[in-house]
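Engineer: The following block contains the structure, expressed as structure tokens.
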Amino acid sequence: MTIVTTQIYAAGLDERLAWLGFINVGEKVPGVMVELMYSRPDNFTSRVLYEDLEGAWLHPDAALSLGRAQKLLDSIMPGYHLLVKDAARPMSVQRRMFRTVAGTPMARYVANPAKGGGLHNYGLAVDITIADPSGRELPMGTPVDHLGVEANIDREEQLVKRGVISETERQNRLLLRRVMREAGFSTIRTEWWHFNRVSKQTAHARYKLLDF
């Protein structure tokens with residue numbers, strides 16, 4: 001595994017990610033919108049984690065696939081946008097995030113930096129939803145970053161039957177999964193909004209950990 005060390009002398013996280021050749025998807029991927037949830041305190045940690053990060057950055061391989069997903073979405077729902085809530089996450093932020101949940105039931109939802117972190121830490125994962133032409137998020141049954149069974153993708157039919165989410169919300173999730181999967185991303189069971197571009201094993205073998 002190759003590690004990017006702190007020998008990156010740019011001032012902030014945006015500059016460091018640009019120096020590494022990562023793509024600012026809000027600027028470079030047509031149609032994609034960005035609203036970083038960890039740049040505000042209204043996330044599950046109740047803290048601002050990205051104090052010096054303004055853009056949503058992805059490894060070029062993931063950014064290329066995201067562009068394909070946006071084109072597919074536009075062909076199905078013209079004028080609709082993929083809305084990125086989180087993308088590349090340097091390990092310094094991952095450590096800060098994990099410290100806020102360590103010792104609580106929420107810890108199982110956050111990749112442990114002591115165990116190598118997760119695919120966000122390679123710029124190969126994205127947290128994402130869909131926005132309508134006016135920029136309003138489509139209803140998905142839970143907010144992005146909701147920690148609970150209501151966000152599980154393998155329980156959606158039961159959730160609809162129980163009245164926890166609506167059929168419209170389930171169909172919106174299915175649309176998101178369709179465009180992301182067809183573009184090359186894979187899902188995880190517990191979070192409808194989270195998509196990985198490669199497996200963790202592939203990331204370890206072929207990509208660089210954002211260890212700064």
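Chain identifiers are assigned as A, B, and so on, following the order in which chains appear in the structure tokens; residues are numbered from 1 within each chain, and ligands are numbered from 1 in order of appearance.
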Need to verify the contact set: range 36-47 of chain A, 7 Å, only C-alpha atoms, exclusion of same-chain residues closer than 3 positions in sequence. Can you return it as a PyMOL selection string?
Structural biologist: chain A and resi 50-51+84-86+100+145
Engineer: Would you mind exporting C-alpha atoms of the selected residues as a PDB file, in the first residue's frame?
Structural biologist:
ATOM      1  CA  TYR A  50     -14.268  20.295   7.228  1.00  0.00           C
ATOM      2  CA  GLU A  51     -13.047  23.653   8.435  1.00  0.00           C
ATOM      3  CA  VAL A  84     -22.746  15.111  -3.450  1.00  0.00           C
ATOM      4  CA  LYS A  85     -22.759  15.308   0.346  1.00  0.00           C
ATOM      5  CA  ASP A  86     -19.290  13.893   0.998  1.00  0.00           C
ATOM      6  CA  THR A 100     -16.653  11.760  18.177  1.00  0.00           C
ATOM      7  CA  ASP A 145     -26.277  10.307   7.197  1.00  0.00           C
TER       8      ASP A 145
END
Engineer: Would you pick out the contacts of Leu209 in chain A at 12 Å or less, using only C-alpha atoms, so that residues sharing its chain but fewer than 4 positions from it are not included, and give the list as a PyMOL selection string?
Structural biologist: chain A and resi 1-6+17+20+59+88-92+94+113+116-124+200+202-205
Engineer: From a DSSP pass on the backbone, collect the residues of range 42-153 of chain A flagged as alpha helix (DSSP H) and hand them back as a ChimeraX atom specification.
Structural biologist: /A:60-76,91-101
Engineer: Any idea what's packed within 9 Å of Lys71 in chain A, counting only C-alpha atoms, ignoring anything in its chain fewer than 5 positions away? Could you give it as an MDAnalysis selection string?
Structural biologist: chainID A and resid 30:31 66 76 179
Engineer: Can you pull out the residues contacting Asn152 in chain A? Cut-off 9 Å, using only C-alpha atoms, and skip same-chain residues under 4 positions away; I want them as a PyMOL selection string.
Structural biologist: chain A and resi 148+156+188-192
Engineer: Store the residues picked out above in a file with N, CA and C atoms, as a PDB file, in the first residue's frame.
Structural biologist:
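Okay, part12.pdb is ready:
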ATOM      1  N   GLY A 148     -29.396   4.272  11.217  1.00  0.00           N
ATOM      2  CA  GLY A 148     -30.489   3.437  11.688  1.00  0.00           C
ATOM      3  C   GLY A 148     -30.997   2.529  10.591  1.00  0.00           C
ATOM      4  N   GLU A 156     -36.088  -2.197   2.442  1.00  0.00           N
ATOM      5  CA  GLU A 156     -36.957  -1.135   1.935  1.00  0.00           C
ATOM      6  C   GLU A 156     -38.395  -1.589   1.709  1.00  0.00           C
ATOM      7  N   ILE A 188     -23.547  -0.302  -0.273  1.00  0.00           N
ATOM      8  CA  ILE A 188     -23.384  -1.002   0.998  1.00  0.00           C
ATOM      9  C   ILE A 188     -24.771  -1.173   1.608  1.00  0.00           C
ATOM     10  N   ARG A 189     -24.920  -2.142   2.477  1.00  0.00           N
ATOM     11  CA  ARG A 189     -26.241  -2.526   2.955  1.00  0.00           C
ATOM     12  C   ARG A 189     -26.898  -1.471   3.835  1.00  0.00           C
ATOM     13  N   THR A 190     -26.115  -0.760   4.633  1.00  0.00           N
ATOM     14  CA  THR A 190     -26.681   0.051   5.709  1.00  0.00           C
ATOM     15  C   THR A 190     -26.962   1.505   5.353  1.00  0.00           C
ATOM     16  N   GLU A 191     -26.488   1.974   4.191  1.00  0.00           N
ATOM     17  CA  GLU A 191     -26.627   3.396   3.863  1.00  0.00           C
ATOM     18  C   GLU A 191     -27.039   3.541   2.405  1.00  0.00           C
ATOM     19  N   TRP A 192     -28.236   3.998   2.162  1.00  0.00           N
ATOM     20  CA  TRP A 192     -28.724   4.126   0.785  1.00  0.00           C
ATOM     21  C   TRP A 192     -27.923   5.157  -0.010  1.00  0.00           C
TER      22      TRP A 192
END
Engineer: Would you work out the distance separating CA of Ile23 in chain A from CA of Ala56 in chain A, expressed in Å to one decimal?
Structural biologist: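 Separating CA of Ile23 in chain A from CA of Ala56 in chain A is a distance of 8.1 Å.
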